$ cat data_36.cif   # mmCIF, C-alpha atoms
data_upload
#
loop_
_atom_site.label_atom_id
_atom_site.label_comp_id
_atom_site.auth_asym_id
_atom_site.auth_seq_id
_atom_site.Cartn_x
_atom_site.Cartn_y
_atom_site.Cartn_z
CA MET L 1 12.39 -17.29 -12.16
CA LYS L 2 10.49 -18.11 -9.00
CA GLN L 3 7.05 -19.68 -9.30
CA GLY L 4 4.94 -17.19 -7.41
CA ALA L 5 2.28 -17.96 -4.83
CA PHE L 6 -0.44 -17.17 -7.38
CA TYR L 7 0.58 -20.31 -9.28
CA THR L 8 1.59 -22.57 -6.39
CA GLY L 9 -0.75 -21.49 -3.60
CA LYS L 10 2.27 -21.55 -1.27
CA TYR L 11 3.23 -18.45 0.71
CA THR L 12 6.61 -17.95 2.37
CA ASN L 13 6.66 -17.80 6.17
CA ALA L 14 9.89 -15.84 6.58
CA PHE L 15 9.49 -15.62 10.35
CA ALA L 16 9.50 -19.41 10.58
CA LYS L 17 12.59 -19.55 8.35
CA VAL L 18 14.55 -17.42 10.83
CA GLY L 19 13.45 -19.49 13.81
CA TYR L 20 10.18 -18.22 15.25
CA SER L 21 7.51 -20.77 16.09
CA LEU L 22 4.18 -20.94 14.27
CA GLU L 23 2.38 -20.47 17.59
CA GLU L 24 4.18 -17.26 18.52
CA ILE L 25 3.81 -15.90 14.97
CA GLU L 26 0.05 -16.49 14.98
CA LYS L 27 -0.34 -15.04 18.48
CA ARG L 28 1.59 -11.92 17.53
CA LYS L 29 -0.47 -11.44 14.34
CA GLU L 30 -3.74 -11.53 16.28
CA GLU L 31 -2.38 -9.18 18.94
CA ILE L 32 -1.33 -6.61 16.35
CA PHE L 33 -4.74 -6.59 14.68
CA TYR L 34 -6.47 -6.27 18.04
CA THR L 35 -4.21 -3.38 19.07
CA LEU L 36 -4.79 -1.42 15.87
CA PHE L 37 -8.53 -1.95 15.88
CA TYR L 38 -9.55 -2.41 19.53
CA GLY L 39 -6.62 -1.33 21.69
CA SER L 40 -6.62 1.65 24.01
CA GLU L 41 -7.25 5.18 22.76
CA GLU L 42 -3.49 5.65 22.69
CA GLU L 43 -3.02 2.55 20.50
CA ARG L 44 -5.89 2.02 18.08
CA PHE L 45 -6.86 4.09 15.08
CA TYR L 46 -10.00 2.22 14.02
CA HIS L 47 -13.19 3.84 15.30
CA PRO L 48 -16.63 2.22 14.97
CA VAL L 49 -19.43 4.67 14.15
CA GLY L 50 -23.02 3.82 15.01
CA GLU L 51 -24.35 0.38 14.15
CA ASP L 52 -22.75 -0.19 10.78
CA MET L 53 -19.88 2.18 9.96
CA GLY L 54 -16.33 2.90 11.07
CA TYR L 55 -13.19 4.76 10.00
CA MET L 56 -9.41 4.58 10.24
CA GLU L 57 -7.94 7.80 11.63
CA ASP L 58 -4.68 9.26 10.41
CA THR L 59 -3.58 10.13 13.93
CA GLY L 60 -0.81 12.43 12.72
CA ASN L 61 -3.19 14.66 10.81
CA HIS L 62 -6.45 13.88 12.66
CA ASP L 63 -8.34 13.10 9.48
CA VAL L 64 -9.58 10.10 7.48
CA ARG L 65 -7.82 9.28 4.22
CA THR L 66 -8.59 6.91 1.38
CA GLU L 67 -5.12 5.47 1.98
CA GLY L 68 -6.04 4.43 5.53
CA MET L 69 -9.59 3.33 4.73
CA SER L 70 -8.46 1.09 1.90
CA TYR L 71 -5.56 -0.21 3.98
CA GLY L 72 -8.00 -1.03 6.76
CA MET L 73 -10.22 -2.92 4.34
CA MET L 74 -7.25 -4.92 3.07
CA MET L 75 -6.26 -5.76 6.65
CA CYS L 76 -9.79 -6.93 7.39
CA VAL L 77 -10.17 -9.15 4.33
CA GLN L 78 -6.78 -10.72 5.03
CA MET L 79 -7.85 -11.36 8.64
CA ASN L 80 -11.36 -12.59 7.70
CA ARG L 81 -13.05 -9.72 9.57
CA LYS L 82 -16.13 -9.03 7.46
CA GLU L 83 -17.99 -6.82 9.93
CA GLU L 84 -15.13 -4.32 10.20
CA PHE L 85 -14.58 -4.47 6.44
CA ASP L 86 -18.21 -3.60 5.74
CA ARG L 87 -18.21 -0.81 8.31
CA LEU L 88 -15.17 0.80 6.68
CA TRP L 89 -16.54 0.39 3.18
CA LYS L 90 -19.91 1.90 4.11
CA TRP L 91 -18.21 4.90 5.77
CA ALA L 92 -16.02 5.44 2.68
CA ARG L 93 -18.94 5.03 0.29
CA THR L 94 -21.15 7.34 2.40
CA TYR L 95 -18.76 10.20 3.09
CA MET L 96 -15.82 9.95 0.68
CA TYR L 97 -17.42 8.92 -2.61
CA LEU L 98 -17.80 11.79 -5.07
CA GLU L 99 -21.17 11.88 -6.80
CA GLU L 100 -20.59 14.93 -8.97
CA GLY L 101 -17.92 17.22 -10.37
CA GLU L 102 -14.86 16.39 -12.42
CA ASN L 103 -13.83 13.66 -9.94
CA ALA L 104 -17.23 11.95 -9.81
CA GLY L 105 -16.75 8.22 -9.35
CA TYR L 106 -13.57 8.68 -7.31
CA PHE L 107 -13.20 9.15 -3.55
CA ALA L 108 -12.24 12.36 -1.74
CA TRP L 109 -8.76 11.63 -0.43
CA SER L 110 -9.28 13.35 2.94
CA CYS L 111 -12.29 13.87 5.20
CA GLN L 112 -12.77 15.05 8.74
CA THR L 113 -13.66 12.37 11.26
CA ASP L 114 -17.32 13.46 11.10
CA GLY L 115 -17.35 12.80 7.36
CA VAL L 116 -17.08 16.38 6.09
CA LYS L 117 -14.80 16.44 3.04
CA ASN L 118 -11.50 18.29 3.36
CA SER L 119 -10.87 17.95 -0.37
CA TYR L 120 -12.70 17.05 -3.56
CA GLY L 121 -9.55 15.63 -5.11
CA ALA L 122 -8.63 11.97 -5.27
CA ALA L 123 -5.41 10.05 -4.56
CA PRO L 124 -4.96 6.96 -6.75
CA ASP L 125 -3.32 4.79 -4.09
CA GLY L 126 -6.64 4.70 -2.27
CA GLU L 127 -8.61 3.66 -5.34
CA GLU L 128 -6.28 0.80 -6.26
CA PHE L 129 -6.35 -0.58 -2.70
CA PHE L 130 -10.15 -0.19 -2.52
CA ALA L 131 -10.52 -2.19 -5.74
CA MET L 132 -8.16 -4.97 -4.68
CA ALA L 133 -9.73 -5.32 -1.23
CA LEU L 134 -13.20 -5.44 -2.79
CA PHE L 135 -12.22 -8.22 -5.20
CA PHE L 136 -10.73 -10.25 -2.36
CA ALA L 137 -13.87 -9.68 -0.29
CA ALA L 138 -16.06 -10.90 -3.17
CA HIS L 139 -13.98 -14.04 -3.50
CA ARG L 140 -13.66 -14.73 0.23
CA TRP L 141 -17.19 -13.91 1.39
CA GLY L 142 -19.35 -13.64 -1.71
CA ASN L 143 -21.16 -10.58 -3.04
CA GLY L 144 -24.05 -8.85 -1.35
CA THR L 145 -26.40 -6.22 -2.72
CA GLY L 146 -26.05 -2.49 -3.35
CA ILE L 147 -22.64 -1.19 -2.28
CA PHE L 148 -21.86 -4.64 -0.87
CA ASP L 149 -21.85 -6.16 -4.33
CA TYR L 150 -18.11 -5.98 -3.91
CA GLU L 151 -17.15 -7.24 -7.35
CA ARG L 152 -19.36 -4.80 -9.21
CA GLU L 153 -18.08 -1.91 -7.09
CA ALA L 154 -14.47 -2.87 -7.84
CA LYS L 155 -15.09 -3.18 -11.57
CA GLU L 156 -16.90 0.14 -11.77
CA LEU L 157 -14.17 1.90 -9.83
CA LEU L 158 -11.39 0.54 -12.03
CA HIS L 159 -13.34 1.39 -15.17
CA THR L 160 -13.66 4.99 -13.98
CA CYS L 161 -9.97 5.11 -13.06
CA ILE L 162 -8.82 4.40 -16.62
CA HIS L 163 -11.62 5.89 -18.74
CA LYS L 164 -12.47 9.19 -17.04
CA GLY L 165 -11.97 12.11 -19.42
CA GLU L 166 -12.63 10.13 -22.58
CA ASN L 167 -15.03 11.42 -25.25
CA GLY L 168 -15.05 14.92 -23.82
CA THR L 169 -16.27 13.90 -20.36
CA PRO L 170 -14.92 15.93 -17.40
CA GLY L 171 -11.96 14.89 -15.31
CA ARG L 172 -8.80 12.90 -15.90
CA ALA L 173 -7.92 9.24 -15.63
CA MET L 174 -5.72 8.01 -12.78
CA TRP L 175 -3.47 6.16 -15.21
CA ASP L 176 -1.80 7.81 -18.18
CA ARG L 177 -3.44 6.08 -21.14
CA GLU L 178 -0.29 6.24 -23.26
CA ASN L 179 2.47 5.04 -20.93
CA LYS L 180 0.14 3.00 -18.65
CA LEU L 181 1.69 4.54 -15.51
CA ILE L 182 -0.33 5.62 -12.51
CA ARG L 183 -0.34 9.34 -11.69
CA PHE L 184 0.42 10.86 -8.31
CA VAL L 185 -2.91 12.68 -8.52
CA THR L 186 -5.17 13.00 -11.52
CA ASP L 187 -4.22 16.53 -12.55
CA VAL L 188 -0.44 16.01 -12.77
CA ASP L 189 1.88 14.15 -15.11
CA PHE L 190 4.31 12.61 -12.67
CA THR L 191 4.00 9.68 -10.33
CA ASP L 192 4.79 8.21 -6.93
CA PRO L 193 6.87 5.02 -7.14
CA SER L 194 5.09 3.58 -4.09
CA TYR L 195 1.77 3.70 -5.98
CA HIS L 196 3.05 1.13 -8.49
CA LEU L 197 1.44 -2.21 -7.60
CA PRO L 198 1.98 -4.57 -10.55
CA HIS L 199 0.85 -7.52 -8.42
CA PHE L 200 -2.55 -5.83 -8.10
CA TYR L 201 -2.68 -5.01 -11.81
CA GLU L 202 -2.03 -8.67 -12.70
CA LEU L 203 -5.19 -9.53 -10.80
CA PHE L 204 -7.16 -6.59 -12.19
CA ALA L 205 -6.25 -7.95 -15.64
CA LYS L 206 -8.11 -11.14 -14.70
CA TRP L 207 -11.07 -9.68 -12.79
CA ALA L 208 -11.87 -6.19 -14.17
CA TYR L 209 -14.46 -5.69 -16.88
CA GLU L 210 -13.34 -7.65 -19.93
CA GLU L 211 -12.74 -4.50 -21.97
CA ASP L 212 -10.36 -3.18 -19.28
CA ARG L 213 -8.24 -6.31 -18.79
CA ASP L 214 -5.68 -5.70 -21.52
CA PHE L 215 -4.97 -2.25 -20.11
CA PHE L 216 -4.16 -3.61 -16.67
CA ALA L 217 -2.01 -6.41 -18.08
CA GLU L 218 0.00 -3.73 -19.90
CA ALA L 219 0.05 -1.55 -16.77
CA ALA L 220 1.60 -4.40 -14.76
CA GLU L 221 4.48 -4.70 -17.20
CA ALA L 222 4.83 -0.92 -17.51
CA SER L 223 5.09 -0.52 -13.74
CA ARG L 224 7.69 -3.27 -13.41
CA ALA L 225 9.77 -1.60 -16.10
CA TYR L 226 9.24 1.79 -14.46
CA LEU L 227 10.42 0.64 -11.03
CA LYS L 228 13.75 -0.40 -12.54
CA LYS L 229 14.21 3.21 -13.63
CA ALA L 230 13.00 4.73 -10.35
CA CYS L 231 15.26 2.65 -8.06
CA HIS L 232 18.89 3.75 -7.78
CA PRO L 233 21.24 1.15 -9.32
CA VAL L 234 23.61 1.15 -6.31
CA THR L 235 21.63 2.04 -3.19
CA GLY L 236 18.24 0.71 -4.31
CA LEU L 237 16.64 3.88 -2.93
CA MET L 238 13.85 5.73 -4.72
CA ALA L 239 12.24 9.15 -4.38
CA GLU L 240 8.83 9.86 -2.89
CA TYR L 241 7.63 11.43 -6.15
CA ALA L 242 9.23 10.80 -9.53
CA ASN L 243 8.85 11.75 -13.15
CA PHE L 244 7.60 9.25 -15.71
CA ASP L 245 11.21 8.63 -16.76
CA GLY L 246 12.05 7.53 -13.21
CA THR L 247 14.05 10.59 -12.17
CA PRO L 248 13.16 12.20 -8.83
CA TYR L 249 10.49 14.89 -9.13
CA VAL L 250 11.90 18.28 -8.17
CA GLY L 251 9.70 21.31 -7.69
CA GLY L 252 6.29 22.28 -6.46
CA GLU L 253 7.43 22.56 -2.85
CA GLU L 254 4.81 25.21 -2.15
CA ILE L 255 2.08 22.98 -3.57
CA TRP L 256 3.10 19.62 -2.11
CA GLY L 257 4.29 20.78 1.30
CA GLY L 258 8.04 20.50 0.78
CA ARG L 259 10.57 18.45 -1.14
CA HIS L 260 9.70 14.96 -2.32
CA ASP L 261 12.79 13.98 -4.32
CA TRP L 262 14.32 12.20 -1.30
CA TYR L 263 13.93 8.72 0.16
CA TYR L 264 11.25 9.70 2.65
CA SER L 265 7.83 8.65 3.94
CA ASP L 266 5.90 7.50 0.84
CA ALA L 267 9.01 5.94 -0.66
CA TYR L 268 9.37 3.30 2.06
CA ARG L 269 6.39 1.38 0.69
CA THR L 270 8.05 0.83 -2.68
CA ILE L 271 10.47 -1.92 -1.64
CA ALA L 272 7.68 -3.74 0.23
CA ASN L 273 5.54 -3.64 -2.92
CA ILE L 274 8.38 -4.96 -5.06
CA ALA L 275 8.86 -7.89 -2.69
CA LEU L 276 5.14 -8.73 -2.55
CA ASP L 277 4.91 -8.62 -6.34
CA TYR L 278 7.74 -11.13 -6.60
CA GLU L 279 6.26 -13.33 -3.85
CA TRP L 280 2.92 -13.47 -5.66
CA PHE L 281 4.04 -13.65 -9.29
CA GLY L 282 7.82 -14.18 -9.47
CA LYS L 283 8.02 -12.33 -12.76
CA ASP L 284 11.53 -10.85 -12.68
CA ASN L 285 14.58 -11.78 -10.60
CA TRP L 286 15.53 -8.09 -10.68
CA ALA L 287 13.27 -7.77 -7.62
CA VAL L 288 15.68 -9.88 -5.54
CA THR L 289 18.65 -7.84 -6.74
CA GLU L 290 16.83 -4.61 -5.87
CA VAL L 291 15.90 -5.84 -2.39
CA GLU L 292 19.48 -6.88 -1.67
CA ARG L 293 20.84 -3.52 -2.84
CA LEU L 294 18.55 -1.60 -0.53
CA GLN L 295 19.16 -3.88 2.44
CA LYS L 296 22.92 -3.67 1.87
CA PHE L 297 22.64 0.11 1.99
CA PHE L 298 20.86 0.02 5.35
CA CYS L 299 22.75 -2.88 6.93
CA GLU L 300 26.29 -2.38 5.60
CA THR L 301 26.75 1.10 4.13
CA LEU L 302 24.98 3.28 6.68
CA GLU L 303 26.19 3.76 10.21
CA GLU L 304 23.58 2.52 12.66
CA LYS L 305 22.97 6.04 13.97
CA ASP L 306 21.83 7.14 10.48
CA ARG L 307 19.38 4.34 9.72
CA ASP L 308 16.39 6.44 10.76
CA GLY L 309 17.50 9.37 8.67
CA ILE L 310 16.61 11.09 5.40
CA PHE L 311 18.54 10.26 2.23
CA SER L 312 18.89 11.37 -1.33
CA VAL L 313 18.45 8.46 -3.72
CA ASP L 314 22.24 8.15 -4.14
CA GLY L 315 22.54 7.53 -0.40
CA THR L 316 23.72 10.95 0.74
CA VAL L 317 22.60 11.49 4.33
CA ILE L 318 20.51 14.65 4.66
CA SER L 319 20.09 16.59 7.87
CA GLY L 320 17.04 15.57 9.88
CA LYS L 321 15.30 12.41 10.98
CA ALA L 322 12.61 10.31 9.34
CA LEU L 323 9.04 11.14 10.27
CA HIS L 324 8.22 7.41 10.24
CA PRO L 325 11.22 5.40 11.47
CA VAL L 326 9.24 2.28 12.33
CA ALA L 327 7.91 2.22 8.75
CA ILE L 328 11.50 1.97 7.49
CA ILE L 329 12.16 -1.03 9.73
CA ALA L 330 8.90 -2.70 8.67
CA THR L 331 9.29 -2.27 4.93
CA ASN L 332 12.96 -3.24 4.96
CA ALA L 333 11.89 -6.42 6.73
CA GLN L 334 9.07 -7.11 4.27
CA ALA L 335 11.64 -6.84 1.50
CA GLY L 336 13.41 -9.80 3.13
CA LEU L 337 10.49 -12.01 2.15
CA ILE L 338 12.23 -12.75 -1.16
CA SER L 339 15.90 -12.88 -0.15
CA GLU L 340 18.10 -15.48 1.54
CA HIS L 341 20.90 -12.99 2.20
CA LYS L 342 22.10 -12.44 5.78
CA ASN L 343 20.94 -8.82 5.56
CA ALA L 344 17.38 -10.01 4.95
CA TYR L 345 17.49 -12.10 8.12
CA GLU L 346 18.94 -9.17 10.04
CA CYS L 347 16.10 -6.92 8.86
CA ILE L 348 13.45 -9.52 9.74
CA ARG L 349 14.83 -10.08 13.24
CA ASN L 350 15.13 -6.33 13.80
CA PHE L 351 11.48 -5.93 12.82
CA TRP L 352 10.35 -8.77 15.09
CA ASN L 353 12.09 -7.04 18.01
CA THR L 354 10.57 -3.65 17.18
CA PRO L 355 7.25 -2.87 18.91
CA LEU L 356 4.34 -1.08 17.32
CA ARG L 357 4.79 2.67 17.30
CA THR L 358 3.00 4.72 19.93
CA GLY L 359 2.04 8.38 19.96
CA LYS L 360 0.58 10.80 17.47
CA ARG L 361 2.40 9.48 14.37
CA ARG L 362 1.56 5.81 14.91
CA TYR L 363 -0.98 5.44 12.08
CA TYR L 364 1.29 5.27 9.00
CA ASP L 365 4.06 3.30 10.69
CA ASN L 366 1.68 0.74 12.14
CA CYS L 367 -0.24 0.24 8.89
CA LEU L 368 3.01 -0.68 7.17
CA TYR L 369 4.02 -2.69 10.24
CA PHE L 370 0.94 -4.88 9.99
CA PHE L 371 1.24 -5.37 6.23
CA ALA L 372 4.86 -6.41 6.76
CA PHE L 373 3.83 -8.84 9.47
CA LEU L 374 1.13 -10.35 7.27
CA ALA L 375 3.56 -10.77 4.39
CA LEU L 376 6.42 -12.18 6.47
CA SER L 377 4.11 -14.69 8.17
CA GLY L 378 2.72 -15.93 4.86
CA ASN L 379 -0.66 -14.33 5.51
CA TYR L 380 -0.81 -11.58 2.87
CA ARG L 381 -2.68 -13.69 0.36
CA ILE L 382 -4.53 -13.68 -2.94
CA TYR L 383 -8.20 -14.67 -2.66
CA GLU L 384 -9.60 -15.99 -5.95
#

$ encode --input "data_36.cif" --output "structure tokens"
Amino acid sequence: MKQGAFYTGKYTNAFAKVGYSLEEIEKRKEEIFYTLFYGSEEERFYHPVGEDMGYMEDTGNHDVRTEGMSYGMMMCVQMNRKEEFDRLWKWARTYMYLEEGENAGYFAWSCQTDGVKNSYGAAPDGEEFFAMALFFAAHRWGNGTGIFDYEREAKELLHTCIHKGENGTPGRAMWDRENKLIRFVTDVDFTDPSYHLPHFYELFAKWAYEEDRDFFAEAAEASRAYLKKACHPVTGLMAEYANFDGTPYVGGEEIWGGRHDWYYSDAYRTIANIALDYEWFGKDNWAVTEVERLQKFFCETLEEKDRDGIFSVDGTVISGKALHPVAIIATNAQAGLISEHKNAYECIRNFWNTPLRTGKRRYYDNCLYFFAFLALSGNYRIYE
């Protein structure tokens, strides 16, 4: 087993390992952040609002999502940008937080850019990233008061996520209390493999309210075991949505806007998460095997013309092109953080030579792009 960065304090700089200089890596990192937050109107998707708020726009859907807001907060805490972090958190807490109804204590997953809620439902990937970013902020900058008591806000949010619906109270928990697996949304009993963040749960098990810590320790192990079921044993691919037994979720096309049993948009994040979990905690060498399977599929099995395509989990090429091709390149590269195989180096160099995405769909691709860059440069770190 690898000794993860949590224990050693040492983070892999994969870019340096394949020959890029520390100076050019650092320069590129700063340029990417600046572009996403302060570039031209055609580049950025961070928007300051008034004196003390701001939001991250999903440019493809022209709305604000808990996914993007929590991603933005994680970017800011990793980059030591407290002002932008606080602006995003205040906007989320002001406009997205649900004060009443069955989802009280969660965040509305989508709002208009003026703060009007598009939905009163919640998406668990936002909540788990909010909580992790808040803990890191507390440890990096210290706690403030009110909503800026970051640690208290994180603990309260996690407590709600696993206890809602108990003792006859309205609503449902974001994690299934029996199998310890995170739900896709609170009112369904299937999941999204890319929501499984055992490296976050390991830290929640140390920093959540004491009565919640055992649950998150069990959730970390449950998610690691689950990912082994959800990832195909030959291709390494996984579905966007999957049942609790790991099989691709089929059905509900009219509800969820189409099929989600393929390797498609959400699914790309999964391999990046698996690599970051291993980098931080080194719990199971299966992660390296999984990364190398998936990279072999893209680098050796597929023809180059199909690498931006759509696939079933067994690798069958499906008609059509990926909505987020740059995200595939970025997450495949991030997976290379934990592998010494030639395919890992190929993916990392391909990513380095790929520019940020431009145009309407740039938001999702470029979020994953920046997380990959942080990880591969040794700058996606745990703050204790």

$ closest_residue --input "data_36.cif" --among "L:Leu98, L:Phe200, L:Ile255, L:Tyr46" --to "Tyr34 of chain L" --atoms "all atoms listed in the file"
L:Tyr46

$ atom_distance --input "data_36.cif" --atom1 "atom CA of Glu253 of chain L" --atom2 "atom CA of Glu290 of chain L"
28.9 Å

$ closest_residue --input "data_36.cif" --among "L:His324, L:Arg93, L:Arg140, L:Lys27" --to "Lys360 of chain L" --atoms "only C-alpha atoms"
L:His324

$ resolve_selection --input "data_36.cif" --expression "the PyMOL selection byres ((chain L and resi 219-230) around 6)" --output "number ranges by chain"
L: 180, 196, 198, 201-202, 216-218, 231, 238, 246

$ closest_residue --input "data_36.cif" --among "L:Asn143, L:Ser312, L:Thr235, L:Ser70" --to "Arg293 of chain L" --atoms "all atoms listed in the file"
L:Thr235

$ atom_distance --input "data_36.cif" --atom1 "atom CA of Tyr95 of chain L" --atom2 "atom CA of Ala108 of chain L"
8.4 Å

$ resolve_selection --input "data_36.cif" --expression "the PyMOL selection byres ((chain L and resi 35-37) around 10)" --output "count of residues only"
26

$ residues_near_point --input "data_36.cif" --point "(12.7, 12.0, 11.6)" --cutoff "12 Å" --atoms "all atoms listed in the file" --output "number ranges by chain"
L: 263-265, 306-311, 318-328, 361

$ residues_around --input "data_36.cif" --residues "Ala330 of chain L" --least-positions-apart "2" --cutoff "9 Å" --atoms "all atoms listed in the file" --output "number ranges by chain"
L: 268, 272, 325-328, 332-335, 347-348, 350-352, 354, 365-366, 368-373

$ resolve_selection --input "data_36.cif" --expression "the PyMOL selection byres ((chain L and resi 186) around 6)" --output "PyMOL selection string"
chain L and resi 172+174+185+187-188

$ residues_around --input "data_36.cif" --residues "Gly146 of chain L" --least-positions-apart "4" --cutoff "12 Å" --atoms "only C-alpha atoms" --output "MDAnalysis selection string"
chainID L and resid 89:90 93 150:153

$ write_last_selection --input "data_36.cif" --atoms "C-alpha atoms" --output "PDB file, keeping the file's coordinate frame"
ATOM      1  CA  TRP L  89     -16.540   0.390   3.180  1.00  0.00           C
ATOM      2  CA  LYS L  90     -19.910   1.900   4.110  1.00  0.00           C
ATOM      3  CA  ARG L  93     -18.940   5.030   0.290  1.00  0.00           C
ATOM      4  CA  TYR L 150     -18.110  -5.980  -3.910  1.00  0.00           C
ATOM      5  CA  GLU L 151     -17.150  -7.240  -7.350  1.00  0.00           C
ATOM      6  CA  ARG L 152     -19.360  -4.800  -9.210  1.00  0.00           C
ATOM      7  CA  GLU L 153     -18.080  -1.910  -7.090  1.00  0.00           C
TER       8      GLU L 153
END

$ atom_distance --input "data_36.cif" --atom1 "atom CA of Cys111 of chain L" --atom2 "atom CA of Cys161 of chain L"
20.4 Å

$ residues_around --input "data_36.cif" --residues "segment 376-381 of chain L" --least-positions-apart "4" --cutoff "9 Å" --atoms "all atoms listed in the file" --output "NGL selection string"
:L and (5-6 or 9-16 or 22 or 25-26 or 29 or 75 or 78-79 or 276 or 280 or 333-337 or 348 or 371-372)

$ closest_residue --input "data_36.cif" --among "L:Phe297, L:Phe281, L:Trp286, L:Trp175" --to "Leu237 of chain L" --atoms "only C-alpha atoms"
L:Phe297

$ residues_around --input "data_36.cif" --residues "Trp256 of chain L" --least-positions-apart "3" --cutoff "12 Å" --atoms "all atoms listed in the file" --output "PyMOL selection string"
chain L and resi 184-185+188+240-241+249-253+259-261

$ residues_around --input "data_36.cif" --residues "segment 61-68 of chain L" --least-positions-apart "5" --cutoff "7 Å" --atoms "only C-alpha atoms" --output "list in words"
Tyr55, Met56, Trp109, Ser110, Cys111, Gln112, Thr113, Asp125 and Gly126 of chain L

$ build_atoms --input "data_36.cif" --residues "segment 240-245 of chain L" --atoms "all heavy atoms" --output "PDB file, keeping the file's coordinate frame"
ATOM      1  N   GLU L 240      10.265   9.866  -3.193  1.00  0.00           N
ATOM      2  CA  GLU L 240       8.830   9.860  -2.890  1.00  0.00           C
ATOM      3  C   GLU L 240       8.005  10.085  -4.157  1.00  0.00           C
ATOM      4  O   GLU L 240       7.066   9.341  -4.421  1.00  0.00           O
ATOM      5  CB  GLU L 240       8.502  10.972  -1.894  1.00  0.00           C
ATOM      6  CG  GLU L 240       8.706  10.615  -0.459  1.00  0.00           C
ATOM      7  CD  GLU L 240       7.906  11.531   0.439  1.00  0.00           C
ATOM      8  OE1 GLU L 240       8.238  12.736   0.515  1.00  0.00           O
ATOM      9  OE2 GLU L 240       6.953  11.050   1.063  1.00  0.00           O
ATOM     10  N   TYR L 241       8.314  11.140  -4.901  1.00  0.00           N
ATOM     11  CA  TYR L 241       7.630  11.430  -6.150  1.00  0.00           C
ATOM     12  C   TYR L 241       8.674  11.373  -7.262  1.00  0.00           C
ATOM     13  O   TYR L 241       9.825  11.755  -7.057  1.00  0.00           O
ATOM     14  CB  TYR L 241       6.997  12.823  -6.162  1.00  0.00           C
ATOM     15  CG  TYR L 241       6.040  13.152  -5.036  1.00  0.00           C
ATOM     16  CD1 TYR L 241       5.648  14.466  -4.803  1.00  0.00           C
ATOM     17  CD2 TYR L 241       5.522  12.159  -4.192  1.00  0.00           C
ATOM     18  CE1 TYR L 241       4.776  14.801  -3.782  1.00  0.00           C
ATOM     19  CE2 TYR L 241       4.654  12.482  -3.159  1.00  0.00           C
ATOM     20  CZ  TYR L 241       4.289  13.799  -2.955  1.00  0.00           C
ATOM     21  OH  TYR L 241       3.441  14.130  -1.935  1.00  0.00           O
ATOM     22  N   ALA L 242       8.276  10.921  -8.434  1.00  0.00           N
ATOM     23  CA  ALA L 242       9.230  10.800  -9.530  1.00  0.00           C
ATOM     24  C   ALA L 242       8.549  11.070 -10.862  1.00  0.00           C
ATOM     25  O   ALA L 242       7.339  10.878 -11.021  1.00  0.00           O
ATOM     26  CB  ALA L 242       9.865   9.407  -9.532  1.00  0.00           C
ATOM     27  N   ASN L 243       9.345  11.522 -11.809  1.00  0.00           N
ATOM     28  CA  ASN L 243       8.850  11.750 -13.150  1.00  0.00           C
ATOM     29  C   ASN L 243       8.591  10.416 -13.848  1.00  0.00           C
ATOM     30  O   ASN L 243       9.031   9.350 -13.401  1.00  0.00           O
ATOM     31  CB  ASN L 243       9.878  12.567 -13.944  1.00  0.00           C
ATOM     32  CG  ASN L 243      10.100  13.932 -13.324  1.00  0.00           C
ATOM     33  OD1 ASN L 243       9.165  14.694 -13.111  1.00  0.00           O
ATOM     34  ND2 ASN L 243      11.355  14.242 -13.011  1.00  0.00           N
ATOM     35  N   PHE L 244       7.917  10.474 -14.977  1.00  0.00           N
ATOM     36  CA  PHE L 244       7.600   9.250 -15.710  1.00  0.00           C
ATOM     37  C   PHE L 244       8.841   8.563 -16.280  1.00  0.00           C
ATOM     38  O   PHE L 244       8.783   7.398 -16.672  1.00  0.00           O
ATOM     39  CB  PHE L 244       6.593   9.527 -16.822  1.00  0.00           C
ATOM     40  CG  PHE L 244       5.174   9.719 -16.335  1.00  0.00           C
ATOM     41  CD1 PHE L 244       4.330  10.607 -16.993  1.00  0.00           C
ATOM     42  CD2 PHE L 244       4.673   9.018 -15.257  1.00  0.00           C
ATOM     43  CE1 PHE L 244       3.007  10.785 -16.574  1.00  0.00           C
ATOM     44  CE2 PHE L 244       3.363   9.186 -14.818  1.00  0.00           C
ATOM     45  CZ  PHE L 244       2.529  10.074 -15.482  1.00  0.00           C
ATOM     46  N   ASP L 245       9.968   9.278 -16.315  1.00  0.00           N
ATOM     47  CA  ASP L 245      11.210   8.630 -16.760  1.00  0.00           C
ATOM     48  C   ASP L 245      11.990   8.029 -15.593  1.00  0.00           C
ATOM     49  O   ASP L 245      13.087   7.503 -15.776  1.00  0.00           O
ATOM     50  CB  ASP L 245      12.089   9.605 -17.547  1.00  0.00           C
ATOM     51  CG  ASP L 245      12.588  10.782 -16.704  1.00  0.00           C
ATOM     52  OD1 ASP L 245      12.298  10.827 -15.485  1.00  0.00           O
ATOM     53  OD2 ASP L 245      13.274  11.655 -17.267  1.00  0.00           O
TER      54      ASP L 245
END
